[in-house]
Amino acid sequence: MRIATWNVNSVKARLPLVLDWLGAAKPDVLVLQEIKCQDDGFPAFEFEAAGYQSLVFGQKAYNGVAILARAPVKDVVRGLPGDEADTQARWLEGDVNGVRIVCLYLPNGNPAPGEKWDYKRTWMRRMVERATVLLAREQPLVLAGDFNICPTDADVYDPPNWQNDALCRPESRALFRELCHLGFTDALRALNPAADRLFTFWDYQAGAWPKDNGLRIDHLLLSPQAADRLSGAGVDKTPRGWEKASDHTPVWVELG
DNA sequence: ATGCCCGGAACGTCCGGA
């Protein structure tokens with residue numbers, strides 16, 4: 001079972017590229033972030049024609065997450081529990097062939113300090129709470145998405161310039177480790193322990209892509225029951241080089 | 001010098017992204 005994550009930076013603007021990639025990579029599940037549309041604007045018909053069912057938690061203009069799957073998605077949860085007042089569409093759960101899939105779009109948090117920085121940390125505490133509940137089910141579970149966190153300096157092209165950014169700050173990294181220490185495996189890092197320049201995002205600005213000035217912020221975290229089945233993981237950099245590319249590229253895992 | 005780019009909303013230019 002192949003599961004992939006991709007922050008597409010508008011699903012409408014990226015539709016031809018996503019369809020091309022689905023046809024080439026043939027994942028069983030693809031989770032999308034920053035779809036930037038409401039549920040009724042999501043191109044479900046086009047994905048259905050490509051063999052994928054759509055589960056959408058959308059929002060006008062900003063955020064928005066979706067799960068594309070070849071098999072039915074069951075036991076759906078829309079939104080990260082823990083704050084009824086939170087209106088941002090950043091969390092979507094469902095079971096696919098017995099594997100619990102979470103598609104998440106963690107807040108950026110810049111500038112720090114500030115309201116957005118506070119929101120990021122509060123959101124991450126809610127994520128830790130929810131992940132604890134899901135881990136107790138002792139089923140294969142994959143937290144996949146744009147975490148907006150570089151776990152270590154090895155995940156940053158220029159660590160000194162990024163040390164005060166919300167993606168790299170010690171508080172962000174500590175919360176990410178707290179999450180991992182509940183029992184998750186960072187799939188890409190587990191299979192590539194010494195690799196550097198293992199990036200998933202390159203800014204549109206300043207020639208970041210041709211200079212390979214990237215960050216690793218898109219992750220797939222596996223519960224023990226999922227990690228036991230881990231047989232492969234990778235970053236597919238090809239779509240970042242396409243015309244009209246997203247600034248993120250797909251990351252995938254293979255569960256045997 | 002967080003500006004360069006990009007998408008959405010909306011129709012001029014700002015917001016958000018990371």
# chains A, B, ... in the order shown; residues from 1 in each chain; ligands from 1
>>> interface_residues(of="chain B", to="chain A", cutoff="10 Å", atoms="only C-alpha atoms (C1' of nucleotides)", output="short mmCIF file (atom, residue, chain, number, x, y, z; two decimals) with N, CA and C atoms (P, O5', C5', C4', C3', O3' and C1' of nucleotides), in the first residue's frame")
data_model
loop_
_atom_site.label_atom_id
_atom_site.label_comp_id
_atom_site.auth_asym_id
_atom_site.auth_seq_id
_atom_site.Cartn_x
_atom_site.Cartn_y
_atom_site.Cartn_z
P DG B 3 9.42 41.74 2.69
"O5'" DG B 3 9.72 41.97 1.16
"C5'" DG B 3 10.06 43.27 0.66
"C4'" DG B 3 10.53 43.07 -0.76
"C3'" DG B 3 9.80 41.92 -1.45
"O3'" DG B 3 9.39 42.31 -2.75
"C1'" DG B 3 12.14 41.54 -1.50
P DC B 4 8.38 41.30 -3.55
"O5'" DC B 4 9.37 40.48 -4.49
"C5'" DC B 4 10.03 41.18 -5.54
"C4'" DC B 4 10.97 40.24 -6.25
"C3'" DC B 4 10.33 38.91 -6.69
"O3'" DC B 4 10.70 38.65 -8.03
"C1'" DC B 4 12.36 38.51 -5.60
P DC B 5 9.56 37.99 -8.98
"O5'" DC B 5 9.09 36.64 -8.30
"C5'" DC B 5 9.85 35.45 -8.46
"C4'" DC B 5 8.98 34.25 -8.14
"C3'" DC B 5 7.70 34.17 -8.99
"O3'" DC B 5 7.45 32.80 -9.26
"C1'" DC B 5 7.12 34.32 -6.70
P DC B 6 6.48 32.35 -10.44
"O5'" DC B 6 5.09 32.11 -9.69
"C5'" DC B 6 4.93 30.94 -8.92
"C4'" DC B 6 3.69 31.05 -8.07
"C3'" DC B 6 2.38 31.33 -8.81
"O3'" DC B 6 1.64 30.12 -8.84
"C1'" DC B 6 2.53 32.44 -6.70
P DG B 7 0.26 30.07 -9.69
"O5'" DG B 7 -0.83 30.25 -8.54
"C5'" DG B 7 -0.95 29.26 -7.54
"C4'" DG B 7 -2.12 29.59 -6.65
"C3'" DG B 7 -3.40 29.97 -7.40
"O3'" DG B 7 -4.48 29.28 -6.80
"C1'" DG B 7 -2.78 31.72 -5.92
P DG B 8 -5.98 29.53 -7.34
"O5'" DG B 8 -6.57 30.57 -6.30
"C5'" DG B 8 -6.63 30.21 -4.92
"C4'" DG B 8 -7.32 31.29 -4.13
"C3'" DG B 8 -8.63 31.78 -4.74
"O3'" DG B 8 -9.60 31.87 -3.71
"C1'" DG B 8 -7.15 33.61 -4.40
P DA B 9 -11.13 32.15 -4.10
"O5'" DA B 9 -11.29 33.72 -3.88
"C5'" DA B 9 -11.17 34.25 -2.57
"C4'" DA B 9 -11.19 35.76 -2.63
"C3'" DA B 9 -12.37 36.35 -3.42
"O3'" DA B 9 -12.92 37.44 -2.69
"C1'" DA B 9 -10.36 37.25 -4.19
P DG B 16 -3.49 37.64 6.39
"O5'" DG B 16 -2.84 36.33 5.77
"C5'" DG B 16 -3.67 35.38 5.14
"C4'" DG B 16 -2.82 34.35 4.47
"C3'" DG B 16 -1.64 33.84 5.32
"O3'" DG B 16 -1.76 32.44 5.44
"C1'" DG B 16 -0.93 34.41 3.12
P DG B 17 -0.72 31.63 6.35
"O5'" DG B 17 0.26 31.06 5.25
"C5'" DG B 17 -0.25 30.29 4.18
"C4'" DG B 17 0.82 30.08 3.15
"C3'" DG B 17 2.16 29.56 3.70
"O3'" DG B 17 2.54 28.42 2.98
"C1'" DG B 17 2.52 31.35 2.24
P DA B 18 3.11 27.10 3.79
"O5'" DA B 18 4.65 27.48 3.91
"C5'" DA B 18 5.50 27.31 2.77
"C4'" DA B 18 6.89 27.77 3.09
"C3'" DA B 18 7.47 27.22 4.39
"O3'" DA B 18 8.83 26.88 4.20
"C1'" DA B 18 7.57 29.57 4.42
#
>>> residues_around(residues="Leu191 in chain A", least_positions_apart="6", cutoff="10 Å", atoms="only C-alpha atoms (C1' of nucleotides)", output="PyMOL selection string")
chain A and resi 230-234
>>> select_by_dssp(residues="range 109-214 of chain A", states="helix (DSSP H, G or I)", output="PDB file with C-alpha atoms, in the first residue's frame")
ATOM      1  CA  GLU A 115      -0.978  35.369  17.346  1.00  0.00           C
ATOM      2  CA  LYS A 116      -0.023  32.954  14.569  1.00  0.00           C
ATOM      3  CA  TRP A 117       2.871  31.603  16.613  1.00  0.00           C
ATOM      4  CA  ASP A 118       0.529  31.062  19.564  1.00  0.00           C
ATOM      5  CA  TYR A 119      -1.975  29.320  17.280  1.00  0.00           C
ATOM      6  CA  LYS A 120       0.698  26.973  15.955  1.00  0.00           C
ATOM      7  CA  ARG A 121       1.777  25.817  19.405  1.00  0.00           C
ATOM      8  CA  THR A 122      -1.800  25.465  20.681  1.00  0.00           C
ATOM      9  CA  TRP A 123      -2.709  23.511  17.544  1.00  0.00           C
ATOM     10  CA  MET A 124       0.268  21.201  18.069  1.00  0.00           C
ATOM     11  CA  ARG A 125      -0.800  20.500  21.641  1.00  0.00           C
ATOM     12  CA  ARG A 126      -4.226  19.506  20.324  1.00  0.00           C
ATOM     13  CA  MET A 127      -2.479  17.315  17.738  1.00  0.00           C
ATOM     14  CA  VAL A 128      -0.523  15.523  20.481  1.00  0.00           C
ATOM     15  CA  GLU A 129      -3.779  14.921  22.369  1.00  0.00           C
ATOM     16  CA  ARG A 130      -5.541  13.549  19.293  1.00  0.00           C
ATOM     17  CA  ALA A 131      -2.564  11.404  18.289  1.00  0.00           C
ATOM     18  CA  THR A 132      -2.512   9.877  21.781  1.00  0.00           C
ATOM     19  CA  VAL A 133      -6.150   8.821  21.357  1.00  0.00           C
ATOM     20  CA  LEU A 134      -5.503   7.369  17.895  1.00  0.00           C
ATOM     21  CA  LEU A 135      -2.373   5.466  19.009  1.00  0.00           C
ATOM     22  CA  ASP A 153      19.173  21.437  11.043  1.00  0.00           C
ATOM     23  CA  ALA A 154      19.856  18.613   8.560  1.00  0.00           C
ATOM     24  CA  ASP A 155      16.435  19.426   7.115  1.00  0.00           C
ATOM     25  CA  PRO A 159      20.248  26.600   9.345  1.00  0.00           C
ATOM     26  CA  PRO A 160      21.688  29.857  10.782  1.00  0.00           C
ATOM     27  CA  ASN A 161      19.312  31.960   8.684  1.00  0.00           C
ATOM     28  CA  TRP A 162      16.313  29.880   9.766  1.00  0.00           C
ATOM     29  CA  PRO A 170      13.282  25.093  19.387  1.00  0.00           C
ATOM     30  CA  GLU A 171       9.676  25.187  20.628  1.00  0.00           C
ATOM     31  CA  SER A 172       8.407  23.854  17.263  1.00  0.00           C
ATOM     32  CA  ARG A 173      11.010  21.119  17.187  1.00  0.00           C
ATOM     33  CA  ALA A 174      10.360  20.151  20.816  1.00  0.00           C
ATOM     34  CA  LEU A 175       6.643  19.740  20.112  1.00  0.00           C
ATOM     35  CA  PHE A 176       7.434  17.668  17.025  1.00  0.00           C
ATOM     36  CA  ARG A 177       9.707  15.430  19.110  1.00  0.00           C
ATOM     37  CA  GLU A 178       7.029  15.182  21.807  1.00  0.00           C
ATOM     38  CA  LEU A 179       4.676  13.896  19.119  1.00  0.00           C
ATOM     39  CA  CYS A 180       7.243  11.424  17.761  1.00  0.00           C
ATOM     40  CA  ALA A 187       9.428   7.240   7.769  1.00  0.00           C
ATOM     41  CA  LEU A 188      11.635   9.215   5.409  1.00  0.00           C
ATOM     42  CA  ARG A 189      14.315   9.900   8.009  1.00  0.00           C
ATOM     43  CA  ALA A 190      14.207   6.316   9.342  1.00  0.00           C
ATOM     44  CA  LEU A 191      15.152   4.965   5.925  1.00  0.00           C
TER      45      LEU A 191
END
>>> atom_distance(atom1="CA of Trp6 in chain A", atom2="CA of Asp236 in chain A")
10.1 Å
>>> atom_distance(atom1="CA of Gly214 in chain A", atom2="CA of Leu182 in chain A")
28.0 Å
>>> residues_around(residues="Ser223 in chain A", least_positions_apart="6", cutoff="7 Å", atoms="only C-alpha atoms (C1' of nucleotides)", output="NGL selection string")
:A and (135 or 140-142 or 183-185)
>>> write_last_selection(atoms="C-alpha atoms", output="mmCIF file, in the first residue's frame")
data_model
loop_
_atom_site.group_PDB
_atom_site.id
_atom_site.type_symbol
_atom_site.label_atom_id
_atom_site.label_comp_id
_atom_site.auth_asym_id
_atom_site.auth_seq_id
_atom_site.Cartn_x
_atom_site.Cartn_y
_atom_site.Cartn_z
ATOM 1 C CA LEU A 135 -2.373 5.466 19.009
ATOM 2 C CA PRO A 140 -1.762 1.065 11.512
ATOM 3 C CA LEU A 141 -1.878 4.863 11.551
ATOM 4 C CA VAL A 142 -0.182 7.381 9.281
ATOM 5 C CA GLY A 183 5.596 6.187 19.371
ATOM 6 C CA PHE A 184 5.793 7.495 15.800
ATOM 7 C CA THR A 185 8.461 6.801 13.201
#
>>> residues_around(residues="Leu68 in chain A", least_positions_apart="6", cutoff="9 Å", atoms="only C-alpha atoms (C1' of nucleotides)", output="list in words")
Asp28, Val29, Leu30, Val31, Leu32, Phe47, Tyr52, Gln53, Ser54, Leu55 and Val56 of chain A
>>> closest_residue(among="A:Leu220, A:Ala208, A:Ala226, A:Ala69", to="Glu138 in chain A", atoms="only C-alpha atoms")
A:Ala226
>>> select_by_dssp(residues="range 1-239 of chain A", states="strand (DSSP E or B)", output="VMD selection string")
chain A and resid 2 to 7 29 to 33 53 to 57 65 to 69 73 to 78 91 to 96 99 to 105 141 to 146 156 185 to 186 201 to 202 214 to 215 218 to 222 230 to 235
>>> write_last_selection(atoms="C-alpha atoms", output="CSV table (one decimal), in the first residue's frame")
chain,number,residue,atom,x,y,z
A,2,ARG,CA,1.5,3.3,-1.2
A,3,ILE,CA,0.6,6.5,0.7
A,4,ALA,CA,1.7,9.9,-0.5
A,5,THR,CA,1.3,13.5,0.7
A,6,TRP,CA,1.5,16.6,-1.4
A,7,ASN,CA,0.9,20.3,-0.5
A,29,VAL,CA,-3.8,7.1,-1.2
A,30,LEU,CA,-2.8,10.7,-1.8
A,31,VAL,CA,-3.4,13.3,0.8
A,32,LEU,CA,-3.5,17.0,-0.3
A,33,GLN,CA,-3.0,20.2,1.6
A,53,GLN,CA,-12.6,8.7,-4.5
A,54,SER,CA,-12.4,12.1,-2.8
A,55,LEU,CA,-12.9,13.1,0.8
A,56,VAL,CA,-12.7,16.8,1.2
A,57,PHE,CA,-12.5,19.3,4.1
A,65,VAL,CA,-7.3,19.3,3.0
A,66,ALA,CA,-8.4,16.2,1.1
A,67,ILE,CA,-7.8,12.5,0.9
A,68,LEU,CA,-7.8,10.7,-2.5
A,69,ALA,CA,-8.1,7.0,-2.3
A,73,VAL,CA,-12.7,5.9,3.1
A,74,LYS,CA,-14.5,5.0,6.4
A,75,ASP,CA,-15.0,6.4,9.9
A,76,VAL,CA,-14.3,10.0,8.8
A,77,VAL,CA,-13.4,12.9,11.2
A,78,ARG,CA,-13.3,16.4,9.9
A,91,TRP,CA,-7.2,18.1,9.6
A,92,LEU,CA,-9.0,15.2,8.1
A,93,GLU,CA,-9.1,11.5,9.1
A,94,GLY,CA,-10.4,8.3,7.6
A,95,ASP,CA,-9.7,4.5,7.4
A,96,VAL,CA,-8.5,3.1,4.1
A,99,VAL,CA,-5.1,1.9,7.8
A,100,ARG,CA,-6.0,5.1,9.6
A,101,ILE,CA,-5.0,8.0,7.4
A,102,VAL,CA,-4.6,11.6,8.8
A,103,CYS,CA,-4.1,14.4,6.4
A,104,LEU,CA,-2.9,17.5,8.2
A,105,TYR,CA,-1.8,21.0,7.4
A,141,LEU,CA,-1.9,4.9,11.6
A,142,VAL,CA,-0.2,7.4,9.3
A,143,LEU,CA,0.0,11.1,10.1
A,144,ALA,CA,0.8,12.6,6.7
A,145,GLY,CA,1.0,16.2,5.5
A,146,ASP,CA,2.7,19.5,5.6
A,156,VAL,CA,17.3,23.1,6.3
A,185,THR,CA,8.5,6.8,13.2
A,186,ASP,CA,9.5,9.6,10.8
A,201,PHE,CA,9.8,22.3,-0.3
A,202,TRP,CA,11.6,25.0,-2.3
A,214,GLY,CA,15.0,23.6,0.2
A,215,LEU,CA,13.5,22.5,3.5
A,218,ASP,CA,6.3,17.4,4.6
A,219,HIS,CA,6.4,14.2,6.7
A,220,LEU,CA,4.8,10.8,7.1
A,221,LEU,CA,4.7,9.6,10.7
A,222,LEU,CA,3.9,6.0,11.3
A,230,LEU,CA,7.4,0.0,6.2
A,231,SER,CA,9.2,-1.2,3.1
A,232,GLY,CA,10.1,2.1,1.3
A,233,ALA,CA,9.9,5.8,1.5
A,234,GLY,CA,11.0,8.6,-0.8
A,235,VAL,CA,10.6,12.2,-2.1
>>> atom_distance(atom1="CA of Ile35 in chain A", atom2="CA of Gln59 in chain A")
8.3 Å
>>> decode(residues="range 64-156 of chain A", atoms="C-alpha atoms", output="CSV table (one decimal), in the first residue's frame")
chain,number,residue,atom,x,y,z
A,64,GLY,CA,-8.2,23.0,3.0
A,65,VAL,CA,-7.3,19.3,3.0
A,66,ALA,CA,-8.4,16.2,1.1
A,67,ILE,CA,-7.8,12.5,0.9
A,68,LEU,CA,-7.8,10.7,-2.5
A,69,ALA,CA,-8.1,7.0,-2.3
A,70,ARG,CA,-8.7,4.0,-4.6
A,71,ALA,CA,-10.7,2.2,-1.9
A,72,PRO,CA,-13.6,3.6,0.3
A,73,VAL,CA,-12.7,5.9,3.1
A,74,LYS,CA,-14.5,5.0,6.4
A,75,ASP,CA,-15.0,6.4,9.9
A,76,VAL,CA,-14.3,10.0,8.8
A,77,VAL,CA,-13.4,12.9,11.2
A,78,ARG,CA,-13.3,16.4,9.9
A,79,GLY,CA,-11.2,18.9,11.8
A,80,LEU,CA,-8.7,18.6,14.7
A,81,PRO,CA,-10.7,18.0,17.9
A,82,GLY,CA,-10.1,20.2,20.9
A,83,ASP,CA,-11.3,23.7,19.9
A,84,GLU,CA,-14.9,24.2,18.6
A,85,ALA,CA,-14.0,27.8,17.7
A,86,ASP,CA,-11.3,26.8,15.3
A,87,THR,CA,-12.6,27.4,11.7
A,88,GLN,CA,-9.4,26.6,9.8
A,89,ALA,CA,-9.6,23.4,7.6
A,90,ARG,CA,-6.3,21.7,8.5
A,91,TRP,CA,-7.2,18.1,9.6
A,92,LEU,CA,-9.0,15.2,8.1
A,93,GLU,CA,-9.1,11.5,9.1
A,94,GLY,CA,-10.4,8.3,7.6
A,95,ASP,CA,-9.7,4.5,7.4
A,96,VAL,CA,-8.5,3.1,4.1
A,97,ASN,CA,-8.2,-0.7,4.0
A,98,GLY,CA,-7.7,-0.8,7.7
A,99,VAL,CA,-5.1,1.9,7.8
A,100,ARG,CA,-6.0,5.1,9.6
A,101,ILE,CA,-5.0,8.0,7.4
A,102,VAL,CA,-4.6,11.6,8.8
A,103,CYS,CA,-4.1,14.4,6.4
A,104,LEU,CA,-2.9,17.5,8.2
A,105,TYR,CA,-1.8,21.0,7.4
A,106,LEU,CA,0.0,22.3,10.4
A,107,PRO,CA,0.0,26.1,10.9
A,108,ASN,CA,3.0,28.0,9.6
A,109,GLY,CA,3.3,30.1,12.8
A,110,ASN,CA,5.2,33.1,11.5
A,111,PRO,CA,5.8,35.7,12.6
A,112,ALA,CA,7.0,34.6,16.0
A,113,PRO,CA,6.1,36.0,18.5
A,114,GLY,CA,2.5,36.8,17.6
A,115,GLU,CA,-1.0,35.4,17.3
A,116,LYS,CA,0.0,33.0,14.6
A,117,TRP,CA,2.9,31.6,16.6
A,118,ASP,CA,0.5,31.1,19.6
A,119,TYR,CA,-2.0,29.3,17.3
A,120,LYS,CA,0.7,27.0,16.0
A,121,ARG,CA,1.8,25.8,19.4
A,122,THR,CA,-1.8,25.5,20.7
A,123,TRP,CA,-2.7,23.5,17.5
A,124,MET,CA,0.3,21.2,18.1
A,125,ARG,CA,-0.8,20.5,21.6
A,126,ARG,CA,-4.2,19.5,20.3
A,127,MET,CA,-2.5,17.3,17.7
A,128,VAL,CA,-0.5,15.5,20.5
A,129,GLU,CA,-3.8,14.9,22.4
A,130,ARG,CA,-5.5,13.5,19.3
A,131,ALA,CA,-2.6,11.4,18.3
A,132,THR,CA,-2.5,9.9,21.8
A,133,VAL,CA,-6.2,8.8,21.4
A,134,LEU,CA,-5.5,7.4,17.9
A,135,LEU,CA,-2.4,5.5,19.0
A,136,ALA,CA,-4.4,3.8,21.7
A,137,ARG,CA,-6.3,2.0,19.0
A,138,GLU,CA,-3.1,0.0,18.2
A,139,GLN,CA,-3.9,0.0,14.5
A,140,PRO,CA,-1.8,1.1,11.5
A,141,LEU,CA,-1.9,4.9,11.6
A,142,VAL,CA,-0.2,7.4,9.3
A,143,LEU,CA,0.0,11.1,10.1
A,144,ALA,CA,0.8,12.6,6.7
A,145,GLY,CA,1.0,16.2,5.5
A,146,ASP,CA,2.7,19.5,5.6
A,147,PHE,CA,3.9,19.8,9.2
A,148,ASN,CA,5.6,23.2,8.6
A,149,ILE,CA,8.5,22.0,10.8
A,150,CYS,CA,12.1,21.2,9.9
A,151,PRO,CA,12.8,18.5,12.6
A,152,THR,CA,16.6,19.2,12.7
A,153,ASP,CA,19.2,21.4,11.0
A,154,ALA,CA,19.9,18.6,8.6
A,155,ASP,CA,16.4,19.4,7.1
A,156,VAL,CA,17.3,23.1,6.3
